[in-house]
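Student: To be precise about what I am sending: the file is called input_6.cif and holds mmCIF, N, CA and C atoms.
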```cif
data_model
#
loop_
_atom_site.group_PDB
_atom_site.id
_atom_site.type_symbol
_atom_site.label_atom_id
_atom_site.label_comp_id
_atom_site.auth_asym_id
_atom_site.auth_seq_id
_atom_site.Cartn_x
_atom_site.Cartn_y
_atom_site.Cartn_z
ATOM 1 N N MET A 1 39.490 109.959 63.430
ATOM 2 C CA MET A 1 40.219 109.019 64.242
ATOM 3 C C MET A 1 41.720 109.184 64.063
ATOM 4 N N GLU A 2 42.149 109.430 62.852
ATOM 5 C CA GLU A 2 43.581 109.555 62.609
ATOM 6 C C GLU A 2 44.127 110.779 63.317
ATOM 7 N N ASN A 3 43.354 111.836 63.396
ATOM 8 C CA ASN A 3 43.810 113.038 64.066
ATOM 9 C C ASN A 3 43.961 112.811 65.569
ATOM 10 N N ASP A 4 43.107 111.971 66.128
ATOM 11 C CA ASP A 4 43.205 111.683 67.558
ATOM 12 C C ASP A 4 44.511 110.956 67.885
ATOM 13 N N ASN A 5 44.914 110.023 67.030
ATOM 14 C CA ASN A 5 46.151 109.273 67.264
ATOM 15 C C ASN A 5 47.375 110.169 67.152
ATOM 16 N N THR A 6 47.363 111.079 66.198
ATOM 17 C CA THR A 6 48.520 111.951 66.015
ATOM 18 C C THR A 6 48.628 112.951 67.153
ATOM 19 N N ASN A 7 47.508 113.366 67.696
ATOM 20 C CA ASN A 7 47.536 114.312 68.806
ATOM 21 C C ASN A 7 47.997 113.660 70.111
ATOM 22 N N LYS A 8 47.808 112.360 70.221
ATOM 23 C CA LYS A 8 48.178 111.663 71.443
ATOM 24 C C LYS A 8 49.663 111.305 71.509
ATOM 25 N N GLN A 9 50.396 111.516 70.434
ATOM 26 C CA GLN A 9 51.820 111.180 70.463
ATOM 27 C C GLN A 9 52.516 112.076 71.478
ATOM 28 N N PRO A 10 53.360 111.483 72.324
ATOM 29 C CA PRO A 10 54.032 112.285 73.341
ATOM 30 C C PRO A 10 55.079 113.207 72.722
ATOM 31 N N GLU A 11 55.251 114.331 73.357
ATOM 32 C CA GLU A 11 56.277 115.256 72.892
ATOM 33 C C GLU A 11 57.642 114.641 73.183
ATOM 34 N N LYS A 12 58.540 114.795 72.192
ATOM 35 C CA LYS A 12 59.846 114.182 72.354
ATOM 36 C C LYS A 12 60.770 115.098 73.134
ATOM 37 N N ASP A 13 61.617 114.485 73.873
ATOM 38 C CA ASP A 13 62.620 115.197 74.645
ATOM 39 C C ASP A 13 63.790 115.563 73.729
ATOM 40 N N LYS A 14 64.480 116.670 74.021
ATOM 41 C CA LYS A 14 65.601 117.094 73.175
ATOM 42 C C LYS A 14 66.726 116.078 73.191
ATOM 43 N N SER A 15 67.029 115.540 74.362
ATOM 44 C CA SER A 15 68.116 114.552 74.430
ATOM 45 C C SER A 15 67.726 113.286 73.672
ATOM 46 N N LEU A 16 66.444 112.928 73.715
ATOM 47 C CA LEU A 16 65.982 111.753 72.980
ATOM 48 C C LEU A 16 66.079 111.995 71.474
ATOM 49 N N GLU A 17 65.737 113.197 71.027
ATOM 50 C CA GLU A 17 65.862 113.534 69.604
ATOM 51 C C GLU A 17 67.326 113.495 69.161
ATOM 52 N N ASN A 18 68.220 114.013 69.988
ATOM 53 C CA ASN A 18 69.651 113.991 69.646
ATOM 54 C C ASN A 18 70.173 112.564 69.528
ATOM 55 N N LEU A 19 69.738 111.686 70.435
ATOM 56 C CA LEU A 19 70.175 110.289 70.385
ATOM 57 C C LEU A 19 69.660 109.601 69.122
ATOM 58 N N GLU A 20 68.428 109.899 68.752
ATOM 59 C CA GLU A 20 67.872 109.281 67.544
ATOM 60 C C GLU A 20 68.585 109.789 66.296
ATOM 61 N N ARG A 21 68.979 111.057 66.283
ATOM 62 C CA ARG A 21 69.745 111.591 65.156
ATOM 63 C C ARG A 21 71.111 110.909 65.057
ATOM 64 N N MET A 22 71.727 110.696 66.212
ATOM 65 C CA MET A 22 73.027 110.017 66.229
ATOM 66 C C MET A 22 72.885 108.592 65.720
ATOM 67 N N LEU A 23 71.762 107.968 66.059
ATOM 68 C CA LEU A 23 71.520 106.578 65.677
ATOM 69 C C LEU A 23 71.443 106.436 64.156
ATOM 70 N N GLU A 24 70.875 107.430 63.480
ATOM 71 C CA GLU A 24 70.752 107.377 62.020
ATOM 72 C C GLU A 24 72.115 107.409 61.345
ATOM 73 N N LYS A 25 73.067 108.148 61.902
ATOM 74 C CA LYS A 25 74.374 108.321 61.278
ATOM 75 C C LYS A 25 75.346 107.182 61.573
ATOM 76 N N MET A 26 75.052 106.372 62.578
ATOM 77 C CA MET A 26 75.998 105.343 63.015
ATOM 78 C C MET A 26 75.846 104.067 62.206
ATOM 79 N N PRO A 27 76.951 103.300 62.073
ATOM 80 C CA PRO A 27 76.865 101.993 61.410
ATOM 81 C C PRO A 27 76.119 100.983 62.286
ATOM 82 N N GLU A 28 75.720 99.886 61.676
ATOM 83 C CA GLU A 28 74.884 98.888 62.358
ATOM 84 C C GLU A 28 75.559 98.301 63.601
ATOM 85 N N GLY A 29 76.856 98.061 63.536
ATOM 86 C CA GLY A 29 77.548 97.376 64.633
ATOM 87 C C GLY A 29 77.655 98.189 65.912
ATOM 88 N N SER A 30 77.633 99.499 65.816
ATOM 89 C CA SER A 30 77.843 100.326 67.009
ATOM 90 C C SER A 30 76.562 100.998 67.498
ATOM 91 N N ARG A 31 75.423 100.511 67.105
ATOM 92 C CA ARG A 31 74.154 101.120 67.507
ATOM 93 C C ARG A 31 73.670 100.662 68.882
ATOM 94 N N LYS A 32 74.161 99.544 69.364
ATOM 95 C CA LYS A 32 73.654 98.948 70.612
ATOM 96 C C LYS A 32 73.733 99.921 71.798
ATOM 97 N N PRO A 33 74.879 100.587 72.067
ATOM 98 C CA PRO A 33 74.912 101.505 73.220
ATOM 99 C C PRO A 33 73.932 102.670 73.086
ATOM 100 N N ILE A 34 73.766 103.175 71.875
ATOM 101 C CA ILE A 34 72.838 104.297 71.673
ATOM 102 C C ILE A 34 71.400 103.831 71.876
ATOM 103 N N LEU A 35 71.082 102.631 71.414
ATOM 104 C CA LEU A 35 69.737 102.086 71.628
ATOM 105 C C LEU A 35 69.462 101.908 73.125
ATOM 106 N N ASP A 36 70.475 101.473 73.860
ATOM 107 C CA ASP A 36 70.311 101.331 75.310
ATOM 108 C C ASP A 36 70.020 102.686 75.951
ATOM 109 N N LEU A 37 70.753 103.713 75.533
ATOM 110 C CA LEU A 37 70.523 105.052 76.075
ATOM 111 C C LEU A 37 69.125 105.564 75.739
ATOM 112 N N ILE A 38 68.676 105.302 74.524
ATOM 113 C CA ILE A 38 67.332 105.727 74.116
ATOM 114 C C ILE A 38 66.274 105.037 74.977
ATOM 115 N N ASN A 39 66.447 103.735 75.186
ATOM 116 C CA ASN A 39 65.471 102.998 76.001
ATOM 117 C C ASN A 39 65.449 103.508 77.445
ATOM 118 N N LYS A 40 66.627 103.787 77.997
ATOM 119 C CA LYS A 40 66.688 104.315 79.360
ATOM 120 C C LYS A 40 65.987 105.665 79.457
ATOM 121 N N ARG A 41 66.217 106.511 78.450
ATOM 122 C CA ARG A 41 65.598 107.841 78.465
ATOM 123 C C ARG A 41 64.077 107.727 78.356
ATOM 124 N N LYS A 42 63.589 106.792 77.541
ATOM 125 C CA LYS A 42 62.145 106.601 77.416
ATOM 126 C C LYS A 42 61.543 106.139 78.740
ATOM 127 N N VAL A 43 62.263 105.279 79.431
ATOM 128 C CA VAL A 43 61.781 104.812 80.732
ATOM 129 C C VAL A 43 61.753 105.975 81.716
ATOM 130 N N GLU A 44 62.806 106.801 81.720
ATOM 131 C CA GLU A 44 62.841 107.966 82.612
ATOM 132 C C GLU A 44 61.680 108.905 82.333
ATOM 133 N N LEU A 45 61.423 109.172 81.063
ATOM 134 C CA LEU A 45 60.320 110.062 80.714
ATOM 135 C C LEU A 45 58.978 109.463 81.122
ATOM 136 N N GLY A 46 58.831 108.143 80.959
ATOM 137 C CA GLY A 46 57.595 107.479 81.367
ATOM 138 C C GLY A 46 57.381 107.575 82.866
ATOM 139 N N LEU A 47 58.455 107.444 83.635
ATOM 140 C CA LEU A 47 58.331 107.549 85.080
ATOM 141 C C LEU A 47 57.995 108.976 85.509
ATOM 142 N N LEU A 48 58.561 109.949 84.805
ATOM 143 C CA LEU A 48 58.254 111.344 85.138
ATOM 144 C C LEU A 48 56.794 111.656 84.889
ATOM 145 N N LYS A 49 56.255 111.133 83.792
ATOM 146 C CA LYS A 49 54.858 111.398 83.465
ATOM 147 C C LYS A 49 53.913 110.670 84.411
ATOM 148 N N SER A 50 54.319 109.499 84.874
ATOM 149 C CA SER A 50 53.428 108.729 85.749
ATOM 150 C C SER A 50 53.423 109.269 87.175
ATOM 151 N N GLU A 51 54.401 110.105 87.523
ATOM 152 C CA GLU A 51 54.525 110.713 88.839
ATOM 153 C C GLU A 51 54.611 109.684 89.956
ATOM 154 N N LEU A 52 55.183 108.532 89.643
ATOM 155 C CA LEU A 52 55.402 107.512 90.665
ATOM 156 C C LEU A 52 56.655 107.864 91.459
ATOM 157 N N LYS A 53 56.687 107.398 92.684
ATOM 158 C CA LYS A 53 57.878 107.601 93.482
ATOM 159 C C LYS A 53 58.989 106.711 92.940
ATOM 160 N N PRO A 54 60.235 107.171 92.977
ATOM 161 C CA PRO A 54 61.323 106.328 92.463
ATOM 162 C C PRO A 54 61.493 105.087 93.329
ATOM 163 N N ALA A 55 61.667 103.956 92.677
ATOM 164 C CA ALA A 55 61.835 102.698 93.390
ATOM 165 C C ALA A 55 63.296 102.534 93.755
ATOM 166 N N GLY A 56 63.540 101.836 94.822
ATOM 167 C CA GLY A 56 64.917 101.566 95.227
ATOM 168 C C GLY A 56 65.013 101.506 96.731
ATOM 169 N N TYR A 57 66.222 101.328 97.190
ATOM 170 C CA TYR A 57 66.467 101.232 98.623
ATOM 171 C C TYR A 57 66.646 102.620 99.217
ATOM 172 N N ILE A 58 66.142 102.768 100.398
ATOM 173 C CA ILE A 58 66.365 104.014 101.126
ATOM 174 C C ILE A 58 67.628 103.813 101.950
ATOM 175 N N LEU A 59 68.589 104.661 101.717
ATOM 176 C CA LEU A 59 69.852 104.522 102.426
ATOM 177 C C LEU A 59 69.717 105.099 103.824
ATOM 178 N N LYS A 60 70.225 104.343 104.779
ATOM 179 C CA LYS A 60 70.202 104.819 106.150
ATOM 180 C C LYS A 60 71.445 105.670 106.374
ATOM 181 N N LYS A 61 71.237 106.750 107.046
ATOM 182 C CA LYS A 61 72.382 107.583 107.372
ATOM 183 C C LYS A 61 73.082 106.978 108.576
ATOM 184 N N GLY A 62 74.381 106.831 108.450
ATOM 185 C CA GLY A 62 75.154 106.274 109.554
ATOM 186 C C GLY A 62 75.295 107.270 110.682
ATOM 187 N N ARG A 63 75.474 106.739 111.844
ATOM 188 C CA ARG A 63 75.661 107.618 112.998
ATOM 189 C C ARG A 63 76.986 108.340 112.858
ATOM 190 N N ALA A 64 77.000 109.555 113.288
ATOM 191 C CA ALA A 64 78.235 110.329 113.246
ATOM 192 C C ALA A 64 79.190 109.771 114.288
ATOM 193 N N LYS A 65 80.415 109.530 113.875
ATOM 194 C CA LYS A 65 81.406 109.004 114.800
ATOM 195 C C LYS A 65 81.839 110.124 115.742
ATOM 196 N N PRO A 66 81.954 109.789 117.010
ATOM 197 C CA PRO A 66 82.387 110.833 117.935
ATOM 198 C C PRO A 66 83.835 111.220 117.670
ATOM 199 N N LYS A 67 84.119 112.483 117.888
ATOM 200 C CA LYS A 67 85.482 112.953 117.675
ATOM 201 C C LYS A 67 86.373 112.399 118.779
ATOM 202 N N PRO A 68 87.579 112.010 118.433
ATOM 203 C CA PRO A 68 88.466 111.481 119.472
ATOM 204 C C PRO A 68 88.845 112.577 120.458
ATOM 205 N N ARG A 69 88.864 112.195 121.714
ATOM 206 C CA ARG A 69 89.207 113.154 122.756
ATOM 207 C C ARG A 69 90.723 113.300 122.814
ATOM 208 N N PRO A 70 91.195 114.474 123.125
ATOM 209 C CA PRO A 70 92.644 114.628 123.253
ATOM 210 C C PRO A 70 93.155 113.855 124.471
ATOM 211 N N GLN A 71 94.377 113.306 124.366
ATOM 212 C CA GLN A 71 94.964 112.520 125.446
ATOM 213 C C GLN A 71 95.312 113.428 126.619
ATOM 214 N N THR A 72 94.945 112.986 127.796
ATOM 215 C CA THR A 72 95.299 113.745 128.993
ATOM 216 C C THR A 72 96.609 113.199 129.556
ATOM 217 N N LYS A 73 97.204 113.941 130.465
ATOM 218 C CA LYS A 73 98.474 113.498 131.065
ATOM 219 C C LYS A 73 98.271 112.221 131.872
ATOM 220 N N GLU A 74 97.126 112.114 132.527
ATOM 221 C CA GLU A 74 96.850 110.914 133.330
ATOM 222 C C GLU A 74 96.757 109.674 132.457
ATOM 223 N N SER A 75 96.055 109.786 131.332
ATOM 224 C CA SER A 75 95.917 108.620 130.455
ATOM 225 C C SER A 75 97.250 108.270 129.804
ATOM 226 N N MET A 76 98.028 109.279 129.464
ATOM 227 C CA MET A 76 99.340 109.017 128.875
ATOM 228 C C MET A 76 100.251 108.324 129.887
ATOM 229 N N GLU A 77 100.164 108.723 131.141
ATOM 230 C CA GLU A 77 100.990 108.110 132.184
ATOM 231 C C GLU A 77 100.579 106.656 132.412
ATOM 232 N N SER A 78 99.269 106.396 132.434
ATOM 233 C CA SER A 78 98.814 105.021 132.635
ATOM 234 C C SER A 78 99.206 104.140 131.455
ATOM 235 N N LEU A 79 99.143 104.671 130.247
ATOM 236 C CA LEU A 79 99.574 103.904 129.077
ATOM 237 C C LEU A 79 101.074 103.629 129.124
ATOM 238 N N ARG A 80 101.850 104.604 129.603
ATOM 239 C CA ARG A 80 103.300 104.405 129.703
ATOM 240 C C ARG A 80 103.614 103.303 130.708
ATOM 241 N N LYS A 81 102.885 103.259 131.829
ATOM 242 C CA LYS A 81 103.105 102.221 132.832
ATOM 243 C C LYS A 81 102.771 100.841 132.260
ATOM 244 N N ILE A 82 101.705 100.762 131.509
ATOM 245 C CA ILE A 82 101.330 99.485 130.893
ATOM 246 C C ILE A 82 102.391 99.063 129.886
ATOM 247 N N ALA A 83 102.867 100.004 129.085
ATOM 248 C CA ALA A 83 103.865 99.689 128.068
ATOM 249 C C ALA A 83 105.188 99.271 128.695
ATOM 250 N N ASP A 84 105.531 99.828 129.864
ATOM 251 C CA ASP A 84 106.769 99.433 130.534
ATOM 252 C C ASP A 84 106.726 97.978 130.972
ATOM 253 N N GLY A 85 105.555 97.490 131.371
ATOM 254 C CA GLY A 85 105.446 96.132 131.875
ATOM 255 C C GLY A 85 105.347 95.080 130.792
ATOM 256 N N ILE A 86 105.116 95.486 129.565
ATOM 257 C CA ILE A 86 104.936 94.513 128.486
ATOM 258 C C ILE A 86 106.295 93.969 128.059
ATOM 259 N N GLY A 87 106.394 92.659 127.956
ATOM 260 C CA GLY A 87 107.614 92.021 127.463
ATOM 261 C C GLY A 87 108.637 91.727 128.539
ATOM 262 N N LYS A 88 108.380 92.077 129.763
ATOM 263 C CA LYS A 88 109.318 91.806 130.841
ATOM 264 C C LYS A 88 108.868 90.569 131.594
ATOM 265 N N VAL A 89 109.863 89.741 131.950
ATOM 266 C CA VAL A 89 109.572 88.548 132.720
ATOM 267 C C VAL A 89 110.023 88.818 134.157
ATOM 268 N N PRO A 90 109.136 88.711 135.095
ATOM 269 C CA PRO A 90 109.549 88.974 136.479
ATOM 270 C C PRO A 90 110.470 87.868 136.991
ATOM 271 N N GLU A 91 111.530 88.250 137.683
ATOM 272 C CA GLU A 91 112.469 87.277 138.238
ATOM 273 C C GLU A 91 112.071 86.971 139.670
ATOM 274 N N LYS A 92 112.308 85.721 140.047
ATOM 275 C CA LYS A 92 111.997 85.318 141.413
ATOM 276 C C LYS A 92 113.143 85.773 142.304
ATOM 277 N N SER A 93 112.806 86.293 143.446
ATOM 278 C CA SER A 93 113.844 86.797 144.343
ATOM 279 C C SER A 93 114.499 85.661 145.139
ATOM 280 N N GLN A 94 113.781 84.612 145.432
ATOM 281 C CA GLN A 94 114.343 83.498 146.192
ATOM 282 C C GLN A 94 114.510 82.295 145.283
ATOM 283 N N MET A 95 115.672 81.665 145.387
ATOM 284 C CA MET A 95 115.922 80.464 144.599
ATOM 285 C C MET A 95 115.690 79.247 145.488
ATOM 286 N N THR A 96 115.180 78.209 144.919
ATOM 287 C CA THR A 96 115.012 76.976 145.690
ATOM 288 C C THR A 96 116.335 76.238 145.685
ATOM 289 N N THR A 97 116.772 75.781 146.840
ATOM 290 C CA THR A 97 118.088 75.137 146.976
ATOM 291 C C THR A 97 117.997 73.626 147.015
ATOM 292 N N ARG A 98 116.885 73.053 146.913
ATOM 293 C CA ARG A 98 116.781 71.607 147.027
ATOM 294 C C ARG A 98 117.404 70.872 145.844
ATOM 295 N N ASP A 99 117.496 71.516 144.672
ATOM 296 C CA ASP A 99 118.068 70.841 143.516
ATOM 297 C C ASP A 99 119.580 71.063 143.389
ATOM 298 N N LEU A 100 120.169 71.896 144.209
ATOM 299 C CA LEU A 100 121.574 72.219 144.078
ATOM 300 C C LEU A 100 122.418 71.432 145.082
ATOM 301 N N ASP A 101 123.564 71.015 144.620
ATOM 302 C CA ASP A 101 124.540 70.377 145.509
ATOM 303 C C ASP A 101 125.492 71.460 145.991
ATOM 304 N N VAL A 102 125.643 71.588 147.272
ATOM 305 C CA VAL A 102 126.489 72.632 147.821
ATOM 306 C C VAL A 102 127.728 71.964 148.439
ATOM 307 N N LYS A 103 128.917 72.433 148.036
ATOM 308 C CA LYS A 103 130.161 71.931 148.597
ATOM 309 C C LYS A 103 130.891 73.085 149.262
ATOM 310 N N ASP A 104 131.499 72.808 150.355
ATOM 311 C CA ASP A 104 132.244 73.841 151.061
ATOM 312 C C ASP A 104 133.647 74.017 150.500
ATOM 313 N N GLU A 105 134.105 73.107 149.657
ATOM 314 C CA GLU A 105 135.462 73.167 149.124
ATOM 315 C C GLU A 105 135.538 74.191 148.004
ATOM 316 N N PRO A 106 136.618 74.956 147.948
ATOM 317 C CA PRO A 106 136.784 75.887 146.832
ATOM 318 C C PRO A 106 137.126 75.131 145.545
ATOM 319 N N LEU A 107 136.904 75.734 144.421
ATOM 320 C CA LEU A 107 137.207 75.103 143.134
ATOM 321 C C LEU A 107 138.698 75.000 142.954
ATOM 322 N N LYS A 108 139.144 73.899 142.378
ATOM 323 C CA LYS A 108 140.579 73.686 142.136
ATOM 324 C C LYS A 108 140.922 74.211 140.765
ATOM 325 N N LYS A 109 142.087 74.838 140.694
ATOM 326 C CA LYS A 109 142.566 75.300 139.389
ATOM 327 C C LYS A 109 143.309 74.184 138.697
ATOM 328 N N ARG A 110 143.337 74.040 137.495
ATOM 329 C CA ARG A 110 144.029 73.014 136.743
ATOM 330 C C ARG A 110 145.381 73.434 136.339
#
```
As structure tokens, what does this structure read like?
Tutor:
Amino acid sequence: MENDNTNKQPEKDKSLENLERMLEKMPEGSRKPILDLINKRKVELGLLKSELKPAGYILKKGRAKPKPRPQTKESMESLRKIADGIGKVPEKSQMTTRDLDVKDEPLKKR
């Protein structure tokens, strides 16, 4: 029975062996990151042996953005016309005279 248990022990990975060697040499306070790495590696090895598909989100590929078309002379001209009209206030050609007092006398100089 004892031989069966020893034969069933999984083969260790080289990176896992290196991490365990590092763990022996380190002081107690700084072992936490190495222990985390060892646990992650054990999980990775377990997943490789189980041949399960990796869990996670499948990223959707975004649509390729169309390349911008070069500006034609017609489009540049239409944009120039639009830009000319921006910020201008149209003036009225006819003035209403009902609010104005009209005198025929010339102005007097002082």
Student: Any idea what's packed within 8 Å of Arg31 (chain A), counting only N, CA and C atoms, ignoring anything in its chain fewer than 6 positions away? Could you give it as a PyMOL selection string?
Tutor: chain A and resi 22-23+37
Student: What is the distance, in Å and to one decimal place, between atom C of Glu24 (chain A) and atom C of Ile38 (chain A)?
Tutor: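 Between atom C of Glu24 (chain A) and atom C of Ile38 (chain A) the gap is 15.0 Å.
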Student: What is the distance, in Å and to one decimal place, between atom C of Lys42 (chain A) and atom C of Asp13 (chain A)?
Tutor: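 Separation of atom C of Lys42 (chain A) and atom C of Asp13 (chain A): 10.9 Å.
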Student: What gap, in Å, lies between atom C of Leu19 (chain A) and atom C of Leu35 (chain A)?
Tutor: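 Computed distance, atom C of Leu19 (chain A) to atom C of Leu35 (chain A), equals 8.7 Å.
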Student: Please reconstruct the missing atoms of region 20-43 of chain A (target: N, CA, C and O atoms) and return them as a PDB file, keeping the file's coordinate frame.
Tutor:
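rebuild_23.pdb written:
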```pdb
ATOM      1  N   GLU A  20      68.428 109.899  68.752  1.00  0.00           N
ATOM      2  CA  GLU A  20      67.872 109.281  67.544  1.00  0.00           C
ATOM      3  C   GLU A  20      68.585 109.789  66.296  1.00  0.00           C
ATOM      4  O   GLU A  20      68.803 109.026  65.350  1.00  0.00           O
ATOM      5  N   ARG A  21      68.979 111.057  66.283  1.00  0.00           N
ATOM      6  CA  ARG A  21      69.745 111.591  65.156  1.00  0.00           C
ATOM      7  C   ARG A  21      71.111 110.909  65.057  1.00  0.00           C
ATOM      8  O   ARG A  21      71.577 110.579  63.976  1.00  0.00           O
ATOM      9  N   MET A  22      71.727 110.696  66.212  1.00  0.00           N
ATOM     10  CA  MET A  22      73.027 110.017  66.229  1.00  0.00           C
ATOM     11  C   MET A  22      72.885 108.592  65.720  1.00  0.00           C
ATOM     12  O   MET A  22      73.764 108.070  65.029  1.00  0.00           O
ATOM     13  N   LEU A  23      71.762 107.968  66.059  1.00  0.00           N
ATOM     14  CA  LEU A  23      71.520 106.578  65.677  1.00  0.00           C
ATOM     15  C   LEU A  23      71.443 106.436  64.156  1.00  0.00           C
ATOM     16  O   LEU A  23      71.914 105.441  63.595  1.00  0.00           O
ATOM     17  N   GLU A  24      70.875 107.430  63.480  1.00  0.00           N
ATOM     18  CA  GLU A  24      70.752 107.377  62.020  1.00  0.00           C
ATOM     19  C   GLU A  24      72.115 107.409  61.345  1.00  0.00           C
ATOM     20  O   GLU A  24      72.321 106.761  60.324  1.00  0.00           O
ATOM     21  N   LYS A  25      73.067 108.148  61.902  1.00  0.00           N
ATOM     22  CA  LYS A  25      74.374 108.321  61.278  1.00  0.00           C
ATOM     23  C   LYS A  25      75.346 107.182  61.573  1.00  0.00           C
ATOM     24  O   LYS A  25      76.344 107.038  60.887  1.00  0.00           O
ATOM     25  N   MET A  26      75.052 106.372  62.578  1.00  0.00           N
ATOM     26  CA  MET A  26      75.998 105.343  63.015  1.00  0.00           C
ATOM     27  C   MET A  26      75.846 104.067  62.206  1.00  0.00           C
ATOM     28  O   MET A  26      74.762 103.742  61.721  1.00  0.00           O
ATOM     29  N   PRO A  27      76.951 103.300  62.073  1.00  0.00           N
ATOM     30  CA  PRO A  27      76.865 101.993  61.410  1.00  0.00           C
ATOM     31  C   PRO A  27      76.119 100.983  62.286  1.00  0.00           C
ATOM     32  O   PRO A  27      75.942 101.197  63.488  1.00  0.00           O
ATOM     33  N   GLU A  28      75.720  99.886  61.676  1.00  0.00           N
ATOM     34  CA  GLU A  28      74.884  98.888  62.358  1.00  0.00           C
ATOM     35  C   GLU A  28      75.559  98.301  63.601  1.00  0.00           C
ATOM     36  O   GLU A  28      74.923  98.065  64.603  1.00  0.00           O
ATOM     37  N   GLY A  29      76.856  98.061  63.536  1.00  0.00           N
ATOM     38  CA  GLY A  29      77.548  97.376  64.633  1.00  0.00           C
ATOM     39  C   GLY A  29      77.655  98.189  65.912  1.00  0.00           C
ATOM     40  O   GLY A  29      77.742  97.619  66.999  1.00  0.00           O
ATOM     41  N   SER A  30      77.633  99.499  65.816  1.00  0.00           N
ATOM     42  CA  SER A  30      77.843 100.326  67.009  1.00  0.00           C
ATOM     43  C   SER A  30      76.562 100.998  67.498  1.00  0.00           C
ATOM     44  O   SER A  30      76.625 101.944  68.266  1.00  0.00           O
ATOM     45  N   ARG A  31      75.423 100.511  67.105  1.00  0.00           N
ATOM     46  CA  ARG A  31      74.154 101.120  67.507  1.00  0.00           C
ATOM     47  C   ARG A  31      73.670 100.662  68.882  1.00  0.00           C
ATOM     48  O   ARG A  31      72.846 101.322  69.495  1.00  0.00           O
ATOM     49  N   LYS A  32      74.161  99.544  69.364  1.00  0.00           N
ATOM     50  CA  LYS A  32      73.654  98.948  70.612  1.00  0.00           C
ATOM     51  C   LYS A  32      73.733  99.921  71.798  1.00  0.00           C
ATOM     52  O   LYS A  32      72.733 100.103  72.504  1.00  0.00           O
ATOM     53  N   PRO A  33      74.879 100.587  72.067  1.00  0.00           N
ATOM     54  CA  PRO A  33      74.912 101.505  73.220  1.00  0.00           C
ATOM     55  C   PRO A  33      73.932 102.670  73.086  1.00  0.00           C
ATOM     56  O   PRO A  33      73.309 103.078  74.078  1.00  0.00           O
ATOM     57  N   ILE A  34      73.766 103.175  71.875  1.00  0.00           N
ATOM     58  CA  ILE A  34      72.838 104.297  71.673  1.00  0.00           C
ATOM     59  C   ILE A  34      71.400 103.831  71.876  1.00  0.00           C
ATOM     60  O   ILE A  34      70.583 104.546  72.472  1.00  0.00           O
ATOM     61  N   LEU A  35      71.082 102.631  71.414  1.00  0.00           N
ATOM     62  CA  LEU A  35      69.737 102.086  71.628  1.00  0.00           C
ATOM     63  C   LEU A  35      69.462 101.908  73.125  1.00  0.00           C
ATOM     64  O   LEU A  35      68.340 102.174  73.591  1.00  0.00           O
ATOM     65  N   ASP A  36      70.475 101.473  73.860  1.00  0.00           N
ATOM     66  CA  ASP A  36      70.311 101.331  75.310  1.00  0.00           C
ATOM     67  C   ASP A  36      70.020 102.686  75.951  1.00  0.00           C
ATOM     68  O   ASP A  36      69.157 102.793  76.828  1.00  0.00           O
ATOM     69  N   LEU A  37      70.753 103.713  75.533  1.00  0.00           N
ATOM     70  CA  LEU A  37      70.523 105.052  76.075  1.00  0.00           C
ATOM     71  C   LEU A  37      69.125 105.564  75.739  1.00  0.00           C
ATOM     72  O   LEU A  37      68.456 106.194  76.572  1.00  0.00           O
ATOM     73  N   ILE A  38      68.676 105.302  74.524  1.00  0.00           N
ATOM     74  CA  ILE A  38      67.332 105.727  74.116  1.00  0.00           C
ATOM     75  C   ILE A  38      66.274 105.037  74.977  1.00  0.00           C
ATOM     76  O   ILE A  38      65.337 105.676  75.463  1.00  0.00           O
ATOM     77  N   ASN A  39      66.447 103.735  75.186  1.00  0.00           N
ATOM     78  CA  ASN A  39      65.471 102.998  76.001  1.00  0.00           C
ATOM     79  C   ASN A  39      65.449 103.508  77.445  1.00  0.00           C
ATOM     80  O   ASN A  39      64.380 103.656  78.042  1.00  0.00           O
ATOM     81  N   LYS A  40      66.627 103.787  77.997  1.00  0.00           N
ATOM     82  CA  LYS A  40      66.688 104.315  79.360  1.00  0.00           C
ATOM     83  C   LYS A  40      65.987 105.665  79.457  1.00  0.00           C
ATOM     84  O   LYS A  40      65.263 105.942  80.405  1.00  0.00           O
ATOM     85  N   ARG A  41      66.217 106.511  78.450  1.00  0.00           N
ATOM     86  CA  ARG A  41      65.598 107.841  78.465  1.00  0.00           C
ATOM     87  C   ARG A  41      64.077 107.727  78.356  1.00  0.00           C
ATOM     88  O   ARG A  41      63.342 108.465  79.005  1.00  0.00           O
ATOM     89  N   LYS A  42      63.589 106.792  77.541  1.00  0.00           N
ATOM     90  CA  LYS A  42      62.145 106.601  77.416  1.00  0.00           C
ATOM     91  C   LYS A  42      61.543 106.139  78.740  1.00  0.00           C
ATOM     92  O   LYS A  42      60.457 106.579  79.123  1.00  0.00           O
ATOM     93  N   VAL A  43      62.263 105.279  79.431  1.00  0.00           N
ATOM     94  CA  VAL A  43      61.781 104.812  80.732  1.00  0.00           C
ATOM     95  C   VAL A  43      61.753 105.975  81.716  1.00  0.00           C
ATOM     96  O   VAL A  43      60.791 106.152  82.470  1.00  0.00           O
TER      97      VAL A  43
END
```
